[in-house]
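Text of start38.pdb (PDB, C-alpha atoms, pLDDT in the B column) as supplied:
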ATOM      1  CA  MET A   1     -56.736  -4.816 -33.457  1.00 82.00           C
ATOM      2  CA  ALA A   2     -58.496  -2.636 -30.873  1.00 88.00           C
ATOM      3  CA  LYS A   3     -55.814  -3.470 -28.288  1.00 94.00           C
ATOM      4  CA  ILE A   4     -53.028  -2.477 -30.683  1.00 95.00           C
ATOM      5  CA  HIS A   5     -54.906   0.735 -31.496  1.00 95.00           C
ATOM      6  CA  ALA A   6     -55.327   1.545 -27.796  1.00 95.00           C
ATOM      7  CA  LEU A   7     -51.687   0.781 -26.982  1.00 96.00           C
ATOM      8  CA  PHE A   8     -50.423   2.834 -29.920  1.00 97.00           C
ATOM      9  CA  GLU A   9     -52.651   5.724 -28.869  1.00 97.00           C
ATOM     10  CA  LYS A  10     -51.427   5.513 -25.268  1.00 97.00           C
ATOM     11  CA  VAL A  11     -47.774   5.510 -26.357  1.00 97.00           C
ATOM     12  CA  LEU A  12     -48.284   8.428 -28.765  1.00 97.00           C
ATOM     13  CA  THR A  13     -50.231  10.389 -26.148  1.00 97.00           C
ATOM     14  CA  THR A  14     -47.446   9.857 -23.620  1.00 98.00           C
ATOM     15  CA  VAL A  15     -44.769  10.900 -26.118  1.00 97.00           C
ATOM     16  CA  VAL A  16     -46.714  14.015 -27.163  1.00 98.00           C
ATOM     17  CA  ALA A  17     -47.395  15.005 -23.539  1.00 98.00           C
ATOM     18  CA  THR A  18     -43.715  14.534 -22.701  1.00 98.00           C
ATOM     19  CA  ILE A  19     -42.647  16.693 -25.632  1.00 98.00           C
ATOM     20  CA  VAL A  20     -45.147  19.407 -24.649  1.00 98.00           C
ATOM     21  CA  ALA A  21     -43.815  19.380 -21.079  1.00 98.00           C
ATOM     22  CA  ALA A  22     -40.202  19.475 -22.278  1.00 97.00           C
ATOM     23  CA  LEU A  23     -40.953  22.317 -24.695  1.00 97.00           C
ATOM     24  CA  ALA A  24     -42.708  24.306 -21.975  1.00 97.00           C
ATOM     25  CA  ALA A  25     -39.796  23.746 -19.581  1.00 97.00           C
ATOM     26  CA  VAL A  26     -37.192  24.756 -22.177  1.00 96.00           C
ATOM     27  CA  VAL A  27     -39.095  27.921 -23.062  1.00 96.00           C
ATOM     28  CA  VAL A  28     -39.584  28.912 -19.414  1.00 97.00           C
ATOM     29  CA  VAL A  29     -35.917  28.247 -18.599  1.00 96.00           C
ATOM     30  CA  GLY A  30     -34.844  30.170 -21.696  1.00 95.00           C
ATOM     31  CA  VAL A  31     -36.996  33.170 -20.804  1.00 95.00           C
ATOM     32  CA  VAL A  32     -35.835  33.185 -17.176  1.00 96.00           C
ATOM     33  CA  PHE A  33     -32.173  33.074 -18.191  1.00 96.00           C
ATOM     34  CA  ARG A  34     -32.677  35.737 -20.859  1.00 94.00           C
ATOM     35  CA  LYS A  35     -34.411  38.047 -18.356  1.00 95.00           C
ATOM     36  CA  ALA A  36     -31.534  37.437 -15.940  1.00 95.00           C
ATOM     37  CA  GLY A  37     -29.107  38.632 -18.620  1.00 94.00           C
ATOM     38  CA  ALA A  38     -27.546  35.215 -19.210  1.00 94.00           C
ATOM     39  CA  ALA A  39     -29.213  33.955 -22.395  1.00 92.00           C
ATOM     40  CA  LEU A  40     -28.676  30.268 -23.137  1.00 93.00           C
ATOM     41  CA  VAL A  41     -27.032  29.612 -26.500  1.00 92.00           C
ATOM     42  CA  TRP A  42     -28.862  26.307 -27.046  1.00 93.00           C
ATOM     43  CA  TYR A  43     -32.394  27.364 -26.054  1.00 91.00           C
ATOM     44  CA  ASP A  44     -33.680  28.530 -29.465  1.00 92.00           C
ATOM     45  CA  GLU A  45     -32.382  25.492 -31.350  1.00 93.00           C
ATOM     46  CA  VAL A  46     -33.692  22.991 -28.810  1.00 95.00           C
ATOM     47  CA  ALA A  47     -37.094  24.712 -28.672  1.00 95.00           C
ATOM     48  CA  ALA A  48     -37.332  24.634 -32.481  1.00 94.00           C
ATOM     49  CA  ILE A  49     -36.444  20.936 -32.560  1.00 95.00           C
ATOM     50  CA  LEU A  50     -38.998  20.116 -29.862  1.00 96.00           C
ATOM     51  CA  LEU A  51     -41.645  22.048 -31.794  1.00 96.00           C
ATOM     52  CA  ALA A  52     -40.869  20.015 -34.935  1.00 95.00           C
ATOM     53  CA  TRP A  53     -41.060  16.786 -32.934  1.00 96.00           C
ATOM     54  CA  LEU A  54     -44.367  17.898 -31.406  1.00 97.00           C
ATOM     55  CA  THR A  55     -45.708  18.595 -34.894  1.00 96.00           C
ATOM     56  CA  TYR A  56     -44.817  15.169 -36.298  1.00 96.00           C
ATOM     57  CA  TYR A  57     -45.750  13.056 -33.282  1.00 97.00           C
ATOM     58  CA  GLY A  58     -48.897  15.108 -32.704  1.00 96.00           C
ATOM     59  CA  ALA A  59     -49.894  14.664 -36.350  1.00 95.00           C
ATOM     60  CA  ALA A  60     -49.610  10.897 -35.959  1.00 96.00           C
ATOM     61  CA  LEU A  61     -51.782  11.017 -32.830  1.00 96.00           C
ATOM     62  CA  VAL A  62     -54.394  13.139 -34.575  1.00 95.00           C
ATOM     63  CA  ALA A  63     -54.329  10.773 -37.580  1.00 93.00           C
ATOM     64  CA  LEU A  64     -54.937   7.842 -35.271  1.00 94.00           C
ATOM     65  CA  ARG A  65     -58.000   9.647 -33.909  1.00 92.00           C
ATOM     66  CA  ARG A  66     -59.039  10.602 -37.474  1.00 88.00           C
ATOM     67  CA  ALA A  67     -59.301  14.204 -36.363  1.00 86.00           C
ATOM     68  CA  HIS A  68     -57.298  15.960 -39.078  1.00 81.00           C
ATOM     69  CA  ILE A  69     -58.959  18.784 -40.941  1.00 72.00           C
ATOM     70  CA  GLY A  70     -60.705  17.409 -43.983  1.00 70.00           C
ATOM     71  CA  VAL A  71     -63.591  17.832 -46.362  1.00 67.00           C
ATOM     72  CA  PRO A  72     -65.523  14.586 -45.933  1.00 72.00           C
ATOM     73  CA  VAL A  73     -68.778  15.815 -47.522  1.00 75.00           C
ATOM     74  CA  LEU A  74     -68.197  14.019 -50.831  1.00 78.00           C
ATOM     75  CA  VAL A  75     -67.268  10.708 -49.204  1.00 80.00           C
ATOM     76  CA  GLU A  76     -70.171  10.948 -46.727  1.00 78.00           C
ATOM     77  CA  ARG A  77     -72.623  11.337 -49.610  1.00 83.00           C
ATOM     78  CA  LEU A  78     -71.356   8.240 -51.376  1.00 84.00           C
ATOM     79  CA  GLN A  79     -72.928   4.855 -50.676  1.00 85.00           C
ATOM     80  CA  GLY A  80     -71.668   1.272 -50.702  1.00 86.00           C
ATOM     81  CA  GLY A  81     -68.851   0.365 -53.033  1.00 89.00           C
ATOM     82  CA  ALA A  82     -68.320   3.912 -54.308  1.00 88.00           C
ATOM     83  CA  ARG A  83     -67.747   5.114 -50.741  1.00 87.00           C
ATOM     84  CA  THR A  84     -65.324   2.275 -50.039  1.00 88.00           C
ATOM     85  CA  VAL A  85     -63.371   3.024 -53.231  1.00 91.00           C
ATOM     86  CA  ALA A  86     -63.183   6.745 -52.361  1.00 88.00           C
ATOM     87  CA  VAL A  87     -61.942   5.966 -48.831  1.00 88.00           C
ATOM     88  CA  VAL A  88     -59.339   3.476 -50.081  1.00 91.00           C
ATOM     89  CA  ILE A  89     -58.068   5.910 -52.742  1.00 91.00           C
ATOM     90  CA  GLY A  90     -57.832   8.692 -50.160  1.00 88.00           C
ATOM     91  CA  GLU A  91     -56.042   6.444 -47.678  1.00 91.00           C
ATOM     92  CA  ALA A  92     -53.657   5.223 -50.385  1.00 94.00           C
ATOM     93  CA  ALA A  93     -52.815   8.810 -51.346  1.00 93.00           C
ATOM     94  CA  VAL A  94     -52.093   9.811 -47.743  1.00 93.00           C
ATOM     95  CA  ILE A  95     -50.080   6.674 -47.012  1.00 96.00           C
ATOM     96  CA  GLY A  96     -48.188   7.058 -50.286  1.00 97.00           C
ATOM     97  CA  PHE A  97     -47.281  10.635 -49.405  1.00 96.00           C
ATOM     98  CA  PHE A  98     -45.957   9.621 -45.991  1.00 97.00           C
ATOM     99  CA  VAL A  99     -43.984   6.698 -47.425  1.00 98.00           C
ATOM    100  CA  VAL A 100     -42.269   9.185 -49.774  1.00 98.00           C
ATOM    101  CA  LEU A 101     -41.734  11.550 -46.821  1.00 97.00           C
ATOM    102  CA  ALA A 102     -40.146   8.736 -44.785  1.00 97.00           C
ATOM    103  CA  TRP A 103     -37.830   7.950 -47.703  1.00 98.00           C
ATOM    104  CA  ALA A 104     -36.905  11.633 -48.067  1.00 97.00           C
ATOM    105  CA  GLY A 105     -36.327  11.806 -44.313  1.00 95.00           C
ATOM    106  CA  LEU A 106     -33.873   8.933 -44.559  1.00 96.00           C
ATOM    107  CA  GLN A 107     -32.060  10.823 -47.314  1.00 96.00           C
ATOM    108  CA  VAL A 108     -31.834  13.840 -44.983  1.00 93.00           C
ATOM    109  CA  GLN A 109     -30.447  11.537 -42.286  1.00 91.00           C
ATOM    110  CA  ALA A 110     -27.737  10.329 -44.648  1.00 92.00           C
ATOM    111  CA  ALA A 111     -26.870  13.868 -45.735  1.00 92.00           C
ATOM    112  CA  LEU A 112     -26.509  15.019 -42.138  1.00 90.00           C
ATOM    113  CA  ALA A 113     -24.345  12.127 -41.004  1.00 88.00           C
ATOM    114  CA  GLY A 114     -21.558  13.548 -38.842  1.00 89.00           C
ATOM    115  CA  VAL A 115     -22.967  17.087 -38.767  1.00 93.00           C
ATOM    116  CA  PRO A 116     -23.595  18.384 -35.221  1.00 94.00           C
ATOM    117  CA  LEU A 117     -26.194  20.870 -34.028  1.00 91.00           C
ATOM    118  CA  VAL A 118     -24.956  24.458 -34.149  1.00 91.00           C
ATOM    119  CA  SER A 119     -25.456  25.279 -30.473  1.00 92.00           C
ATOM    120  CA  LEU A 120     -24.868  21.780 -29.083  1.00 91.00           C
ATOM    121  CA  PRO A 121     -21.923  20.319 -31.000  1.00 92.00           C
ATOM    122  CA  SER A 122     -22.083  17.051 -29.032  1.00 91.00           C
ATOM    123  CA  VAL A 123     -25.579  16.312 -30.443  1.00 90.00           C
ATOM    124  CA  PRO A 124     -25.754  15.011 -34.016  1.00 92.00           C
ATOM    125  CA  SER A 125     -28.026  16.960 -36.322  1.00 92.00           C
ATOM    126  CA  ALA A 126     -29.329  13.652 -37.648  1.00 91.00           C
ATOM    127  CA  LEU A 127     -30.873  12.994 -34.218  1.00 90.00           C
ATOM    128  CA  ALA A 128     -32.927  16.160 -34.461  1.00 90.00           C
ATOM    129  CA  GLN A 129     -33.976  15.338 -38.025  1.00 92.00           C
ATOM    130  CA  SER A 130     -34.861  11.731 -37.183  1.00 94.00           C
ATOM    131  CA  VAL A 131     -38.369  12.982 -36.548  1.00 95.00           C
ATOM    132  CA  ILE A 132     -39.028  13.113 -40.299  1.00 96.00           C
ATOM    133  CA  PRO A 133     -38.804   9.389 -41.094  1.00 97.00           C
ATOM    134  CA  ILE A 134     -40.008   8.307 -37.646  1.00 97.00           C
ATOM    135  CA  GLY A 135     -42.986  10.671 -37.724  1.00 96.00           C
ATOM    136  CA  ALA A 136     -43.880   9.602 -41.264  1.00 97.00           C
ATOM    137  CA  VAL A 137     -43.817   5.913 -40.314  1.00 97.00           C
ATOM    138  CA  LEU A 138     -45.918   6.631 -37.210  1.00 97.00           C
ATOM    139  CA  PHE A 139     -48.427   8.494 -39.401  1.00 97.00           C
ATOM    140  CA  VAL A 140     -48.656   5.516 -41.782  1.00 97.00           C
ATOM    141  CA  ILE A 141     -49.223   3.159 -38.838  1.00 97.00           C
ATOM    142  CA  ALA A 142     -51.888   5.513 -37.470  1.00 96.00           C
ATOM    143  CA  GLN A 143     -53.649   5.632 -40.839  1.00 94.00           C
ATOM    144  CA  LEU A 144     -53.611   1.846 -41.119  1.00 95.00           C
ATOM    145  CA  LEU A 145     -54.890   1.358 -37.565  1.00 95.00           C
ATOM    146  CA  SER A 146     -57.677   3.896 -38.040  1.00 92.00           C
ATOM    147  CA  MET A 147     -58.671   2.797 -41.552  1.00 91.00           C
ATOM    148  CA  PRO A 148     -61.390   0.432 -40.279  1.00 90.00           C
ATOM    149  CA  ASP A 149     -63.062   3.463 -38.646  1.00 85.00           C
ATOM    150  CA  ALA A 150     -62.923   5.335 -41.944  1.00 84.00           C
ATOM    151  CA  LEU A 151     -64.384   2.395 -43.834  1.00 84.00           C
ATOM    152  CA  ARG A 152     -67.230   2.179 -41.316  1.00 83.00           C
ATOM    153  CA  GLY A 153     -67.915   5.883 -41.728  1.00 77.00           C
ATOM    154  CA  GLU A 154     -66.524   6.948 -38.371  1.00 66.00           C
ATOM    155  CA  ALA A 155     -63.848   9.210 -39.799  1.00 53.00           C
ATOM    156  CA  GLY A 156     -63.160  12.314 -37.770  1.00 55.00           C
ATOM    157  CA  SER A 157     -64.990  11.132 -34.680  1.00 48.00           C
ATOM    158  CA  GLY A 158     -61.904  11.358 -32.505  1.00 47.00           C
ATOM    159  CA  ASP A 159     -63.795   9.492 -29.770  1.00 46.00           C
ATOM    160  CA  HIS A 160     -61.301   6.757 -28.906  1.00 44.00           C
TER     161      HIS A 160
END
Can you turn what I pasted into structure tokens?
Amino acid sequence: MAKIHALFEKVLTTVVATIVAALAAVVVVGVVFRKAGAALVWYDEVAAILLAWLTYYGAALVALRRAHIGVPVLVERLQGGARTVAVVIGEAAVIGFFVVLAWAGLQVQAALAGVPLVSLPSVPSALAQSVIPIGAVLFVIAQLLSMPDALRGEAGSGDH
């Protein structure tokens, strides 16, 4: 399980770093062209999409590291079975939310079938919105892979 966790973390880290680099490049190019008086019509839309992708993929990476903002005081004060039950209920709630989000994301995909991006008509809008179901599934995987840490009381350590 540790090898899968490490591989998943490496892949997510690479994806997040790539998105950050792409976003930085798009913003710099957009600013340079705008200052030169030749604003790019696609820059704002692509930057917004990359920011959404960064949010979803980054959230999955942070979930894997159990570094999301939380209020663990109650769970930390619990002992034994009560602590385990509280962790499992919390994990079930989070996973349940992201399963519903993935389902809703698939509904968005279906609704956008055949609709192109405004500034890049050759790119389907569904591609940009694919981050919703993909990001939700990645978050669920991250929660499941990091659940043993939470059950051992290592939640929020982020030291992987």
Output the residue selection produced by the PyMOL selection byres ((chain A and resi 99) around 12) on the file above, formatted as a short mmCIF file (atom, residue, chain, number, x, y, z; two decimals) with C-alpha atoms, in the coordinates of the input.
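Result file result_21.cif:
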data_model
loop_
_atom_site.label_atom_id
_atom_site.label_comp_id
_atom_site.auth_asym_id
_atom_site.auth_seq_id
_atom_site.Cartn_x
_atom_site.Cartn_y
_atom_site.Cartn_z
CA ALA A 92 -53.66 5.22 -50.38
CA ALA A 93 -52.82 8.81 -51.35
CA VAL A 94 -52.09 9.81 -47.74
CA ILE A 95 -50.08 6.67 -47.01
CA GLY A 96 -48.19 7.06 -50.29
CA PHE A 97 -47.28 10.64 -49.40
CA PHE A 98 -45.96 9.62 -45.99
CA VAL A 100 -42.27 9.18 -49.77
CA LEU A 101 -41.73 11.55 -46.82
CA ALA A 102 -40.15 8.74 -44.78
CA TRP A 103 -37.83 7.95 -47.70
CA ALA A 104 -36.90 11.63 -48.07
CA GLY A 105 -36.33 11.81 -44.31
CA LEU A 106 -33.87 8.93 -44.56
CA ILE A 132 -39.03 13.11 -40.30
CA PRO A 133 -38.80 9.39 -41.09
CA ILE A 134 -40.01 8.31 -37.65
CA GLY A 135 -42.99 10.67 -37.72
CA ALA A 136 -43.88 9.60 -41.26
CA VAL A 137 -43.82 5.91 -40.31
CA LEU A 138 -45.92 6.63 -37.21
CA PHE A 139 -48.43 8.49 -39.40
CA VAL A 140 -48.66 5.52 -41.78
CA ILE A 141 -49.22 3.16 -38.84
CA GLN A 143 -53.65 5.63 -40.84
#
- Query: Quick one: residues within 7 Å of stretch 41-47 of chain A, all atoms listed in the file counted, chain neighbours fewer than 6 positions away excluded, as a VMD selection string?
  - Reply: chain A and resid 23 26 to 27 30 119 to 120
- Could you give me, as number ranges by chain, the residues within 9 Å of stretch 12-21 of chain A, counting all atoms listed in the file and dropping anything in the same chain fewer than 2 positions from it? A: 7-10, 23-26, 50-51, 53-54, 57-58, 60-61, 138
Prev. selection, C-alpha atoms, output as a tab-separated table (two decimals), keeping the file's coordinate frame:
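Printed below is again.tsv as written:
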chain	number	residue	atom	x	y	z
A	7	LEU	CA	-51.69	0.78	-26.98
A	8	PHE	CA	-50.42	2.83	-29.92
A	9	GLU	CA	-52.65	5.72	-28.87
A	10	LYS	CA	-51.43	5.51	-25.27
A	23	LEU	CA	-40.95	22.32	-24.70
A	24	ALA	CA	-42.71	24.31	-21.98
A	25	ALA	CA	-39.80	23.75	-19.58
A	26	VAL	CA	-37.19	24.76	-22.18
A	50	LEU	CA	-39.00	20.12	-29.86
A	51	LEU	CA	-41.64	22.05	-31.79
A	53	TRP	CA	-41.06	16.79	-32.93
A	54	LEU	CA	-44.37	17.90	-31.41
A	57	TYR	CA	-45.75	13.06	-33.28
A	58	GLY	CA	-48.90	15.11	-32.70
A	60	ALA	CA	-49.61	10.90	-35.96
A	61	LEU	CA	-51.78	11.02	-32.83
A	138	LEU	CA	-45.92	6.63	-37.21
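Between atom CA of A:Pro116 and atom CA of A:Ile49 there is a distance of 13.4 Å.
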- The distance between atom CA of A:Ala113 and atom CA of A:Ser125 is 7.7 Å
- Who sits within 9 Å of stretch 83-87 of chain A, only C-alpha atoms, same chain under 4 positions skipped, as a PyMOL selection string: chain A and resi 74-79+91-92+147+150-152
Let's have the selection written as a PDB file, in the coordinates of the input, with C-alpha atoms.
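Okay, this is what ended up in selection.pdb:
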ATOM      1  CA  LEU A  74     -68.197  14.019 -50.831  1.00 78.00           C
ATOM      2  CA  VAL A  75     -67.268  10.708 -49.204  1.00 80.00           C
ATOM      3  CA  GLU A  76     -70.171  10.948 -46.727  1.00 78.00           C
ATOM      4  CA  ARG A  77     -72.623  11.337 -49.610  1.00 83.00           C
ATOM      5  CA  LEU A  78     -71.356   8.240 -51.376  1.00 84.00           C
ATOM      6  CA  GLN A  79     -72.928   4.855 -50.676  1.00 85.00           C
ATOM      7  CA  GLU A  91     -56.042   6.444 -47.678  1.00 91.00           C
ATOM      8  CA  ALA A  92     -53.657   5.223 -50.385  1.00 94.00           C
ATOM      9  CA  MET A 147     -58.671   2.797 -41.552  1.00 91.00           C
ATOM     10  CA  ALA A 150     -62.923   5.335 -41.944  1.00 84.00           C
ATOM     11  CA  LEU A 151     -64.384   2.395 -43.834  1.00 84.00           C
ATOM     12  CA  ARG A 152     -67.230   2.179 -41.316  1.00 83.00           C
TER      13      ARG A 152
END
Which neighbours of A:Met1 fall inside 10 Å, counting all atoms listed in the file, when residues of the same chain fewer than 5 positions from it are skipped, and could you give them as a PDB file with C-alpha atoms, in the coordinates of the input?
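Contents of out00.pdb, as written:
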ATOM      1  CA  ALA A   6     -55.327   1.545 -27.796  1.00 95.00           C
ATOM      2  CA  LEU A   7     -51.687   0.781 -26.982  1.00 96.00           C
ATOM      3  CA  LEU A 145     -54.890   1.358 -37.565  1.00 95.00           C
ATOM      4  CA  SER A 146     -57.677   3.896 -38.040  1.00 92.00           C
ATOM      5  CA  PRO A 148     -61.390   0.432 -40.279  1.00 90.00           C
TER       6      PRO A 148
END
- Message: Report, in Å with one decimal, the straight-line distance from atom CA of A:Gly90 to atom CA of A:Ile4.
- Response: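 Separation between atom CA of A:Gly90 and atom CA of A:Ile4: 23.0 Å.
The smallest atom-to-atom distance between A:Arg66 and any of A:Ala111, A:Gln129, A:Ala142, A:Ala2, using only C-alpha atoms, is found for A:Ala142.
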Where atoms are missing, can you supply N, CA, C and O atoms for stretch 5-24 of chain A and output the lot as a CSV table (one decimal), keeping the file's coordinate frame?
chain,number,residue,atom,x,y,z
A,5,HIS,N,-54.5,-0.7,-31.3
A,5,HIS,CA,-54.9,0.7,-31.5
A,5,HIS,C,-54.8,1.5,-30.2
A,5,HIS,O,-54.2,2.6,-30.1
A,6,ALA,N,-55.3,0.9,-29.1
A,6,ALA,CA,-55.3,1.5,-27.8
A,6,ALA,C,-53.9,1.7,-27.3
A,6,ALA,O,-53.6,2.8,-26.7
A,7,LEU,N,-53.1,0.7,-27.4
A,7,LEU,CA,-51.7,0.8,-27.0
A,7,LEU,C,-50.9,1.8,-27.8
A,7,LEU,O,-50.2,2.7,-27.2
A,8,PHE,N,-51.1,1.8,-29.1
A,8,PHE,CA,-50.4,2.8,-29.9
A,8,PHE,C,-50.9,4.2,-29.5
A,8,PHE,O,-50.0,5.2,-29.4
A,9,GLU,N,-52.1,4.4,-29.3
A,9,GLU,CA,-52.7,5.7,-28.9
A,9,GLU,C,-52.1,6.1,-27.5
A,9,GLU,O,-51.7,7.3,-27.3
A,10,LYS,N,-52.0,5.2,-26.6
A,10,LYS,CA,-51.4,5.5,-25.3
A,10,LYS,C,-50.0,5.9,-25.4
A,10,LYS,O,-49.5,6.9,-24.8
A,11,VAL,N,-49.2,5.2,-26.2
A,11,VAL,CA,-47.8,5.5,-26.4
A,11,VAL,C,-47.6,6.9,-27.0
A,11,VAL,O,-46.8,7.7,-26.5
A,12,LEU,N,-48.4,7.1,-28.1
A,12,LEU,CA,-48.3,8.4,-28.8
A,12,LEU,C,-48.7,9.6,-27.8
A,12,LEU,O,-48.1,10.6,-27.8
A,13,THR,N,-49.8,9.4,-27.1
A,13,THR,CA,-50.2,10.4,-26.1
A,13,THR,C,-49.2,10.7,-25.1
A,13,THR,O,-48.9,11.9,-24.8
A,14,THR,N,-48.5,9.7,-24.6
A,14,THR,CA,-47.4,9.9,-23.6
A,14,THR,C,-46.3,10.6,-24.2
A,14,THR,O,-45.7,11.5,-23.6
A,15,VAL,N,-45.9,10.2,-25.4
A,15,VAL,CA,-44.8,10.9,-26.1
A,15,VAL,C,-45.1,12.4,-26.4
A,15,VAL,O,-44.3,13.3,-26.1
A,16,VAL,N,-46.3,12.6,-26.9
A,16,VAL,CA,-46.7,14.0,-27.2
A,16,VAL,C,-46.8,14.8,-25.9
A,16,VAL,O,-46.3,16.0,-25.8
A,17,ALA,N,-47.3,14.3,-24.8
A,17,ALA,CA,-47.4,15.0,-23.5
A,17,ALA,C,-46.0,15.3,-23.0
A,17,ALA,O,-45.7,16.4,-22.5
A,18,THR,N,-45.1,14.3,-23.2
A,18,THR,CA,-43.7,14.5,-22.7
A,18,THR,C,-43.0,15.6,-23.5
A,18,THR,O,-42.3,16.5,-22.9
A,19,ILE,N,-43.2,15.6,-24.8
A,19,ILE,CA,-42.6,16.7,-25.6
A,19,ILE,C,-43.2,18.1,-25.3
A,19,ILE,O,-42.5,19.1,-25.2
A,20,VAL,N,-44.5,18.1,-25.0
A,20,VAL,CA,-45.1,19.4,-24.6
A,20,VAL,C,-44.5,19.9,-23.3
A,20,VAL,O,-44.2,21.1,-23.2
A,21,ALA,N,-44.4,19.0,-22.4
A,21,ALA,CA,-43.8,19.4,-21.1
A,21,ALA,C,-42.4,19.8,-21.2
A,21,ALA,O,-41.9,20.8,-20.7
A,22,ALA,N,-41.6,19.1,-22.0
A,22,ALA,CA,-40.2,19.5,-22.3
A,22,ALA,C,-40.1,20.8,-23.0
A,22,ALA,O,-39.3,21.7,-22.6
A,23,LEU,N,-41.0,21.0,-24.0
A,23,LEU,CA,-41.0,22.3,-24.7
A,23,LEU,C,-41.3,23.5,-23.8
A,23,LEU,O,-40.6,24.5,-23.8
A,24,ALA,N,-42.3,23.3,-22.9
A,24,ALA,CA,-42.7,24.3,-22.0
A,24,ALA,C,-41.6,24.6,-21.0
A,24,ALA,O,-41.3,25.8,-20.7
